[in-house]
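*Asks:* Quick one: the structure is below, and I'll ask about it shortly.
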Amino acid sequence: MSHGSFGVIILAGGRASRLDGQDKPGLVVGDRTIIASVARAGTDAGARQVIVVGPDRPGLDGVSFVREEPPGAGPVPALKRGLAEASESWVAVLAADLPFLRAGHLDTLLSAAGDQPGAILVDAAGRPQWLAGCWRTEALRRAAARYQQDSLRGLLGPLAPALVRLTPMPGEPPPWLDCDTPEDLRQARALSGPDVGN
(Lines give C-alpha, C1' and ligand atoms only; values in the text may rest on other atoms or scores of the structure.)
Protein backbone atom coordinates (compact mmCIF):
# COMPACT_ATOMS: atom_id res chain seq x y z
CA MET A 1 0.00 0.00 0.00
CA SER A 2 1.24 3.48 -0.76
CA HIS A 3 0.65 4.64 2.81
CA GLY A 4 2.96 1.97 4.20
CA SER A 5 2.13 -0.75 6.67
CA PHE A 6 -0.54 -0.16 9.26
CA GLY A 7 -1.92 -1.61 12.44
CA VAL A 8 -5.07 -1.20 14.50
CA ILE A 9 -5.66 -0.13 18.09
CA ILE A 10 -9.15 -0.96 19.36
CA LEU A 11 -10.17 0.74 22.60
CA ALA A 12 -12.33 -1.77 24.45
CA GLY A 13 -12.02 -0.96 28.13
CA GLY A 14 -15.00 1.32 28.72
CA ARG A 15 -17.63 0.73 31.39
CA ALA A 16 -20.68 0.88 29.06
CA SER A 17 -22.64 2.78 31.71
CA ARG A 18 -25.45 3.63 29.29
CA LEU A 19 -25.87 -0.08 28.55
CA ASP A 20 -26.12 -0.97 32.25
CA GLY A 21 -22.55 -2.21 32.28
CA GLN A 22 -23.06 -4.88 29.61
CA ASP A 23 -19.99 -6.17 27.77
CA LYS A 24 -20.53 -3.79 24.86
CA PRO A 25 -17.76 -5.10 22.56
CA GLY A 26 -19.03 -8.64 23.12
CA LEU A 27 -22.62 -7.90 22.09
CA VAL A 28 -23.68 -9.57 18.86
CA VAL A 29 -24.85 -7.58 15.84
CA GLY A 30 -25.47 -9.65 12.74
CA ASP A 31 -23.47 -12.85 12.82
CA ARG A 32 -20.58 -11.81 15.10
CA THR A 33 -19.66 -9.75 18.12
CA ILE A 34 -19.14 -6.06 17.54
CA ILE A 35 -15.45 -6.19 18.44
CA ALA A 36 -14.96 -9.09 16.03
CA SER A 37 -16.43 -6.93 13.26
CA VAL A 38 -14.03 -4.09 14.08
CA ALA A 39 -11.04 -6.42 14.18
CA ARG A 40 -12.10 -7.98 10.89
CA ALA A 41 -12.32 -4.57 9.24
CA GLY A 42 -8.67 -4.07 10.15
CA THR A 43 -7.43 -7.45 9.01
CA ASP A 44 -9.46 -7.31 5.79
CA ALA A 45 -7.81 -3.94 5.06
CA GLY A 46 -4.39 -5.52 5.49
CA ALA A 47 -3.51 -4.56 9.06
CA ARG A 48 -0.36 -6.35 10.19
CA GLN A 49 -1.09 -5.83 13.85
CA VAL A 50 -4.34 -5.65 15.84
CA ILE A 51 -4.06 -4.44 19.44
CA VAL A 52 -7.07 -4.48 21.75
CA VAL A 53 -6.77 -2.32 24.85
CA GLY A 54 -9.18 -4.07 27.15
CA PRO A 55 -9.91 -7.42 28.78
CA ASP A 56 -8.86 -10.63 27.09
CA ARG A 57 -11.66 -12.33 25.21
CA PRO A 58 -11.84 -15.59 23.26
CA GLY A 59 -12.47 -15.93 19.56
CA LEU A 60 -10.23 -13.15 18.25
CA ASP A 61 -7.34 -14.93 16.60
CA GLY A 62 -4.15 -13.00 15.98
CA VAL A 63 -5.11 -10.15 18.31
CA SER A 64 -2.86 -8.82 21.09
CA PHE A 65 -4.55 -7.78 24.34
CA VAL A 66 -3.10 -5.14 26.67
CA ARG A 67 -4.57 -3.10 29.52
CA GLU A 68 -4.25 0.54 30.43
CA GLU A 69 -3.19 1.40 33.96
CA PRO A 70 -5.37 1.46 35.89
CA PRO A 71 -7.96 -0.51 33.90
CA GLY A 72 -10.89 1.71 32.97
CA ALA A 73 -8.80 4.90 33.25
CA GLY A 74 -10.29 6.28 30.05
CA PRO A 75 -9.57 6.58 26.33
CA VAL A 76 -6.40 8.69 26.56
CA PRO A 77 -4.51 6.27 28.85
CA ALA A 78 -5.86 3.41 26.74
CA LEU A 79 -4.61 5.00 23.54
CA LYS A 80 -1.19 5.65 25.08
CA ARG A 81 -0.99 2.01 26.16
CA GLY A 82 -1.90 0.82 22.69
CA LEU A 83 0.67 3.10 21.10
CA ALA A 84 3.35 1.58 23.30
CA GLU A 85 2.76 -1.69 21.41
CA ALA A 86 2.28 -0.25 17.91
CA SER A 87 5.00 -1.18 15.44
CA GLU A 88 3.60 -0.11 12.07
CA SER A 89 3.99 3.28 10.39
CA TRP A 90 0.23 3.96 10.40
CA VAL A 91 -2.36 3.01 12.97
CA ALA A 92 -6.15 2.99 12.93
CA VAL A 93 -7.59 4.06 16.28
CA LEU A 94 -11.05 2.59 16.61
CA ALA A 95 -13.86 2.19 19.09
CA ALA A 96 -14.84 -1.37 19.90
CA ASP A 97 -18.53 -0.72 19.18
CA LEU A 98 -18.62 0.05 15.44
CA PRO A 99 -20.47 -2.94 13.94
CA PHE A 100 -20.64 -1.52 10.42
CA LEU A 101 -17.05 -0.35 9.97
CA ARG A 102 -15.48 -2.19 7.04
CA ALA A 103 -12.11 -2.53 5.34
CA GLY A 104 -13.12 -0.12 2.58
CA HIS A 105 -13.73 2.62 5.12
CA LEU A 106 -10.23 2.19 6.51
CA ASP A 107 -8.77 2.23 3.00
CA THR A 108 -10.61 5.50 2.37
CA LEU A 109 -9.25 7.03 5.57
CA LEU A 110 -5.69 5.98 4.82
CA SER A 111 -5.91 7.41 1.31
CA ALA A 112 -7.51 10.64 2.55
CA ALA A 113 -4.76 11.26 5.09
CA GLY A 114 -2.25 11.95 2.33
CA ASP A 115 0.54 14.10 3.77
CA GLN A 116 -1.47 15.00 6.88
CA PRO A 117 -1.05 13.40 10.31
CA GLY A 118 -4.26 11.46 9.92
CA ALA A 119 -7.87 11.29 8.81
CA ILE A 120 -11.11 10.65 10.68
CA LEU A 121 -14.71 10.03 9.77
CA VAL A 122 -17.34 12.68 10.35
CA ASP A 123 -20.96 11.67 10.80
CA ALA A 124 -23.98 12.87 8.86
CA ALA A 125 -24.22 15.95 11.10
CA GLY A 126 -20.56 16.82 10.53
CA ARG A 127 -19.36 15.72 13.97
CA PRO A 128 -15.81 14.33 14.10
CA GLN A 129 -15.62 10.69 15.12
CA TRP A 130 -12.38 10.60 17.07
CA LEU A 131 -12.51 6.82 17.46
CA ALA A 132 -12.87 6.15 13.75
CA GLY A 133 -9.62 7.36 12.24
CA CYS A 134 -6.22 6.45 10.82
CA TRP A 135 -3.02 8.20 11.90
CA ARG A 136 0.71 8.38 11.34
CA THR A 137 1.97 6.44 14.32
CA GLU A 138 4.89 8.71 15.14
CA ALA A 139 2.78 11.88 14.95
CA LEU A 140 0.26 10.32 17.30
CA ARG A 141 2.95 9.03 19.64
CA ARG A 142 4.60 12.46 19.88
CA ALA A 143 1.29 14.18 20.57
CA ALA A 144 0.35 11.61 23.21
CA ALA A 145 3.71 11.90 24.97
CA ARG A 146 3.24 15.62 25.65
CA TYR A 147 -0.51 15.55 26.36
CA GLN A 148 -1.44 15.50 30.04
CA GLN A 149 -5.24 15.90 29.95
CA ASP A 150 -8.00 13.31 29.58
CA SER A 151 -9.91 14.44 26.49
CA LEU A 152 -9.45 12.40 23.34
CA ARG A 153 -10.58 15.38 21.28
CA GLY A 154 -8.03 17.52 23.12
CA LEU A 155 -5.29 15.11 22.14
CA LEU A 156 -6.31 14.46 18.54
CA GLY A 157 -7.94 17.74 17.50
CA PRO A 158 -4.73 19.82 17.37
CA LEU A 159 -3.28 17.35 14.86
CA ALA A 160 -5.85 18.71 12.35
CA PRO A 161 -6.68 15.44 10.61
CA ALA A 162 -8.42 15.29 7.27
CA LEU A 163 -12.18 15.04 7.78
CA VAL A 164 -13.80 12.32 5.70
CA ARG A 165 -17.52 12.48 5.05
CA LEU A 166 -18.95 9.30 3.58
CA THR A 167 -22.47 8.97 2.20
CA PRO A 168 -23.80 5.45 2.74
CA MET A 169 -25.73 3.87 -0.08
CA PRO A 170 -29.50 3.59 0.45
CA GLY A 171 -30.12 0.95 3.09
CA GLU A 172 -26.43 0.77 4.03
CA PRO A 173 -25.71 1.38 7.73
CA PRO A 174 -23.29 4.25 8.41
CA PRO A 175 -19.81 3.14 9.51
CA TRP A 176 -19.81 5.61 12.40
CA LEU A 177 -22.92 4.11 14.03
CA ASP A 178 -21.85 3.02 17.48
CA CYS A 179 -23.72 1.16 20.21
CA ASP A 180 -23.69 3.37 23.29
CA THR A 181 -27.32 2.91 24.37
CA PRO A 182 -30.01 0.20 24.21
CA GLU A 183 -31.65 2.17 21.40
CA ASP A 184 -28.39 2.25 19.45
CA LEU A 185 -28.10 -1.50 19.85
CA ARG A 186 -31.68 -2.07 18.70
CA GLN A 187 -31.08 0.15 15.68
CA ALA A 188 -27.86 -1.66 14.78
CA ARG A 189 -29.52 -5.06 15.03
CA ALA A 190 -32.43 -3.87 12.91
CA LEU A 191 -30.00 -2.62 10.25
CA SER A 192 -27.87 -5.76 10.20
CA GLY A 193 -29.22 -7.79 7.31
CA PRO A 194 -27.76 -11.00 5.89
CA ASP A 195 -25.26 -9.11 3.72
CA VAL A 196 -24.14 -6.41 6.15
CA GLY A 197 -21.42 -8.50 7.77
CA ASN A 198 -19.80 -9.52 4.46
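Every chain in the C-alpha coordinates takes a letter, A first, then B, and so on in the order presented; its residues are numbered from 1, and the ligands are numbered from 1 following the presented order.
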Write out as a PyMOL selection string each polymer residue whose atoms come within 8 Å of region 162-168 of chain A, counting only C-alpha atoms; drop sequence neighbours fewer than 2 positions from it.

*Replies:* chain A and resi 109+112-113+116+118-124+126+128+160+170-174

*Asks:* Fewer than 4 positions away in the same chain doesn't count, so skip those; otherwise give me all residues within 7 Å of region 86-101 of chain A, counting only C-alpha atoms, as a PyMOL selection string.

*Replies:* chain A and resi 4-12+24-25+29+34-35+37-38+41+82+105+131-137+173-179

*Asks:* Could you dump the residues just selected with N, CA, C and O atoms as a tab-separated table (two decimals), in the first residue's frame?

*Replies:*
```
chain	number	residue	atom	x	y	z
A	4	GLY	N	2.11	2.77	3.33
A	4	GLY	CA	2.96	1.97	4.20
A	4	GLY	C	2.13	1.02	5.06
A	4	GLY	O	0.90	0.98	4.99
A	5	SER	N	2.82	0.24	5.85
A	5	SER	CA	2.13	-0.75	6.67
A	5	SER	C	1.32	-0.08	7.77
A	5	SER	O	1.66	1.01	8.23
A	6	PHE	N	0.26	-0.75	8.19
A	6	PHE	CA	-0.54	-0.16	9.26
A	6	PHE	C	-1.02	-1.23	10.22
A	6	PHE	O	-1.07	-2.42	9.90
A	7	GLY	N	-1.34	-0.77	11.42
A	7	GLY	CA	-1.92	-1.61	12.44
A	7	GLY	C	-3.20	-0.99	12.96
A	7	GLY	O	-3.64	0.06	12.49
A	8	VAL	N	-3.80	-1.65	13.93
A	8	VAL	CA	-5.07	-1.20	14.50
A	8	VAL	C	-4.97	-1.22	16.01
A	8	VAL	O	-4.44	-2.17	16.60
A	9	ILE	N	-5.47	-0.16	16.64
A	9	ILE	CA	-5.66	-0.13	18.09
A	9	ILE	C	-7.16	0.00	18.34
A	9	ILE	O	-7.79	0.96	17.88
A	10	ILE	N	-7.73	-0.97	19.02
A	10	ILE	CA	-9.15	-0.96	19.36
A	10	ILE	C	-9.28	-0.68	20.85
A	10	ILE	O	-8.73	-1.43	21.67
A	11	LEU	N	-9.98	0.38	21.19
A	11	LEU	CA	-10.17	0.74	22.60
A	11	LEU	C	-11.43	0.05	23.11
A	11	LEU	O	-12.54	0.35	22.67
A	12	ALA	N	-11.23	-0.89	24.03
A	12	ALA	CA	-12.33	-1.77	24.45
A	12	ALA	C	-12.43	-1.89	25.96
A	12	ALA	O	-12.90	-2.90	26.47
A	24	LYS	N	-20.13	-4.38	26.14
A	24	LYS	CA	-20.53	-3.79	24.86
A	24	LYS	C	-19.77	-4.39	23.67
A	24	LYS	O	-20.40	-4.78	22.68
A	25	PRO	N	-18.44	-4.52	23.72
A	25	PRO	CA	-17.76	-5.10	22.56
A	25	PRO	C	-18.17	-6.53	22.26
A	25	PRO	O	-18.08	-6.99	21.13
A	29	VAL	N	-24.06	-8.27	16.87
A	29	VAL	CA	-24.85	-7.58	15.84
A	29	VAL	C	-24.60	-8.32	14.54
A	29	VAL	O	-23.45	-8.48	14.12
A	34	ILE	N	-19.51	-7.35	18.12
A	34	ILE	CA	-19.14	-6.06	17.54
A	34	ILE	C	-17.62	-5.94	17.44
A	34	ILE	O	-17.09	-5.50	16.41
A	35	ILE	N	-16.90	-6.33	18.49
A	35	ILE	CA	-15.45	-6.19	18.44
A	35	ILE	C	-14.85	-7.09	17.36
A	35	ILE	O	-13.85	-6.71	16.72
A	37	SER	N	-16.22	-7.67	14.51
A	37	SER	CA	-16.43	-6.93	13.26
A	37	SER	C	-15.37	-5.85	13.08
A	37	SER	O	-14.85	-5.65	11.97
A	38	VAL	N	-15.05	-5.15	14.17
A	38	VAL	CA	-14.03	-4.09	14.08
A	38	VAL	C	-12.66	-4.69	13.77
A	38	VAL	O	-11.93	-4.20	12.90
A	41	ALA	N	-12.52	-5.70	10.15
A	41	ALA	CA	-12.32	-4.57	9.24
A	41	ALA	C	-10.84	-4.28	9.09
A	41	ALA	O	-10.35	-4.01	7.98
A	82	GLY	N	-1.92	1.47	23.99
A	82	GLY	CA	-1.90	0.82	22.69
A	82	GLY	C	-0.73	1.28	21.84
A	82	GLY	O	-0.08	0.47	21.15
A	105	HIS	N	-13.74	1.35	4.41
A	105	HIS	CA	-13.73	2.62	5.12
A	105	HIS	C	-12.32	2.96	5.60
A	105	HIS	O	-11.89	4.11	5.54
A	131	LEU	N	-12.87	8.24	17.38
A	131	LEU	CA	-12.51	6.82	17.46
A	131	LEU	C	-12.88	6.08	16.19
A	131	LEU	O	-13.30	4.92	16.20
A	132	ALA	N	-12.71	6.77	15.07
A	132	ALA	CA	-12.87	6.15	13.75
A	132	ALA	C	-11.91	6.87	12.81
A	132	ALA	O	-12.31	7.64	11.95
A	133	GLY	N	-10.62	6.63	13.02
A	133	GLY	CA	-9.62	7.36	12.24
A	133	GLY	C	-8.34	6.56	12.04
A	133	GLY	O	-8.12	5.53	12.67
A	134	CYS	N	-7.52	7.04	11.11
A	134	CYS	CA	-6.22	6.45	10.82
A	134	CYS	C	-5.17	7.55	10.94
A	134	CYS	O	-5.39	8.68	10.48
A	135	TRP	N	-4.02	7.20	11.52
A	135	TRP	CA	-3.02	8.20	11.90
A	135	TRP	C	-1.60	7.73	11.59
A	135	TRP	O	-1.33	6.52	11.63
A	136	ARG	N	-0.72	8.69	11.35
A	136	ARG	CA	0.71	8.38	11.34
A	136	ARG	C	1.12	8.06	12.77
A	136	ARG	O	0.90	8.86	13.68
A	137	THR	N	1.70	6.91	12.96
A	137	THR	CA	1.97	6.44	14.32
A	137	THR	C	2.89	7.38	15.07
A	137	THR	O	2.65	7.70	16.25
A	173	PRO	N	-25.91	0.74	6.43
A	173	PRO	CA	-25.71	1.38	7.73
A	173	PRO	C	-24.46	2.26	7.70
A	173	PRO	O	-23.46	1.92	7.06
A	174	PRO	N	-24.47	3.38	8.39
A	174	PRO	CA	-23.29	4.25	8.41
A	174	PRO	C	-22.17	3.63	9.23
A	174	PRO	O	-22.42	3.02	10.29
A	175	PRO	N	-20.92	3.77	8.78
A	175	PRO	CA	-19.81	3.14	9.51
A	175	PRO	C	-19.55	3.74	10.87
A	175	PRO	O	-18.90	3.11	11.71
A	176	TRP	N	-20.04	4.96	11.11
A	176	TRP	CA	-19.81	5.61	12.40
A	176	TRP	C	-20.88	5.24	13.44
A	176	TRP	O	-20.78	5.66	14.59
A	177	LEU	N	-21.87	4.47	13.07
A	177	LEU	CA	-22.92	4.11	14.03
A	177	LEU	C	-22.31	3.25	15.13
A	177	LEU	O	-21.80	2.16	14.89
A	178	ASP	N	-22.37	3.78	16.35
A	178	ASP	CA	-21.85	3.02	17.48
A	178	ASP	C	-23.01	2.57	18.37
A	178	ASP	O	-24.17	2.89	18.12
A	179	CYS	N	-22.69	1.78	19.38
A	179	CYS	CA	-23.72	1.16	20.21
A	179	CYS	C	-23.54	1.59	21.66
A	179	CYS	O	-23.11	0.79	22.50
```

*Asks:* CA of Ser192 (chain A) to CA of Gly30 (chain A): how many Å, to one decimal?

*Replies:*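 That distance, rounded to one decimal, is 5.2 Å.
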
*Asks:* Once DSSP has gone over the backbone, tell me which residues of region 31-198 of chain A are in helix (DSSP H, G or I), as a ChimeraX atom specification.

*Replies:* /A:34-44,75-85,103-113,137-146,152-159,182-191

*Asks:* Of the candidates A:Ala103, A:Ala36, A:Leu79, A:Leu155, which shows the shortest atom-to-atom distance to Gly59 (chain A), using only C-alpha atoms?

*Replies:*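 Closest to Gly59 (chain A) of all the choices is A:Ala36.
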
*Asks:* Leaving out Tyr147 (chain A) and any residue of its chain fewer than 5 positions from it, which residues lie within 12 Å of it when counting only C-alpha atoms, given as a ChimeraX atom specification?

*Replies:* /A:76-77,79-80,140-142,152-159

*Asks:* Output N, CA and C atoms for every residue in the selection just made, as a PDB file, in the first residue's frame.

*Replies:*
```
ATOM      1  N   VAL A  76      -7.756   8.172  26.785  1.00  0.00           N
ATOM      2  CA  VAL A  76      -6.400   8.690  26.555  1.00  0.00           C
ATOM      3  C   VAL A  76      -5.347   7.736  27.114  1.00  0.00           C
ATOM      4  N   PRO A  77      -5.459   7.284  28.379  1.00  0.00           N
ATOM      5  CA  PRO A  77      -4.506   6.270  28.845  1.00  0.00           C
ATOM      6  C   PRO A  77      -4.555   4.987  28.014  1.00  0.00           C
ATOM      7  N   LEU A  79      -5.300   4.746  24.793  1.00  0.00           N
ATOM      8  CA  LEU A  79      -4.607   5.003  23.538  1.00  0.00           C
ATOM      9  C   LEU A  79      -3.094   5.000  23.747  1.00  0.00           C
ATOM     10  N   LYS A  80      -2.623   5.634  24.811  1.00  0.00           N
ATOM     11  CA  LYS A  80      -1.190   5.645  25.085  1.00  0.00           C
ATOM     12  C   LYS A  80      -0.660   4.237  25.280  1.00  0.00           C
ATOM     13  N   LEU A 140       1.168  10.595  16.185  1.00  0.00           N
ATOM     14  CA  LEU A 140       0.258  10.316  17.299  1.00  0.00           C
ATOM     15  C   LEU A 140       1.051  10.064  18.582  1.00  0.00           C
ATOM     16  N   ARG A 141       2.138   9.339  18.461  1.00  0.00           N
ATOM     17  CA  ARG A 141       2.953   9.030  19.636  1.00  0.00           C
ATOM     18  C   ARG A 141       3.553  10.306  20.231  1.00  0.00           C
ATOM     19  N   ARG A 142       4.035  11.206  19.378  1.00  0.00           N
ATOM     20  CA  ARG A 142       4.604  12.464  19.883  1.00  0.00           C
ATOM     21  C   ARG A 142       3.547  13.304  20.576  1.00  0.00           C
ATOM     22  N   LEU A 152      -9.952  12.925  24.605  1.00  0.00           N
ATOM     23  CA  LEU A 152      -9.447  12.400  23.342  1.00  0.00           C
ATOM     24  C   LEU A 152      -9.471  13.473  22.256  1.00  0.00           C
ATOM     25  N   ARG A 153     -10.524  14.281  22.243  1.00  0.00           N
ATOM     26  CA  ARG A 153     -10.579  15.383  21.279  1.00  0.00           C
ATOM     27  C   ARG A 153      -9.446  16.371  21.526  1.00  0.00           C
ATOM     28  N   GLY A 154      -9.125  16.617  22.805  1.00  0.00           N
ATOM     29  CA  GLY A 154      -8.032  17.520  23.121  1.00  0.00           C
ATOM     30  C   GLY A 154      -6.693  17.009  22.644  1.00  0.00           C
ATOM     31  N   LEU A 155      -6.521  15.702  22.637  1.00  0.00           N
ATOM     32  CA  LEU A 155      -5.286  15.105  22.140  1.00  0.00           C
ATOM     33  C   LEU A 155      -5.238  15.103  20.621  1.00  0.00           C
ATOM     34  N   LEU A 156      -6.324  14.676  19.984  1.00  0.00           N
ATOM     35  CA  LEU A 156      -6.308  14.459  18.538  1.00  0.00           C
ATOM     36  C   LEU A 156      -6.649  15.695  17.721  1.00  0.00           C
ATOM     37  N   GLY A 157      -7.497  16.567  18.266  1.00  0.00           N
ATOM     38  CA  GLY A 157      -7.936  17.736  17.502  1.00  0.00           C
ATOM     39  C   GLY A 157      -6.810  18.618  16.996  1.00  0.00           C
ATOM     40  N   PRO A 158      -5.806  18.948  17.839  1.00  0.00           N
ATOM     41  CA  PRO A 158      -4.726  19.818  17.370  1.00  0.00           C
ATOM     42  C   PRO A 158      -3.900  19.237  16.235  1.00  0.00           C
ATOM     43  N   LEU A 159      -4.011  17.945  15.990  1.00  0.00           N
ATOM     44  CA  LEU A 159      -3.285  17.353  14.863  1.00  0.00           C
ATOM     45  C   LEU A 159      -3.940  17.685  13.527  1.00  0.00           C
TER      46      LEU A 159
END
```
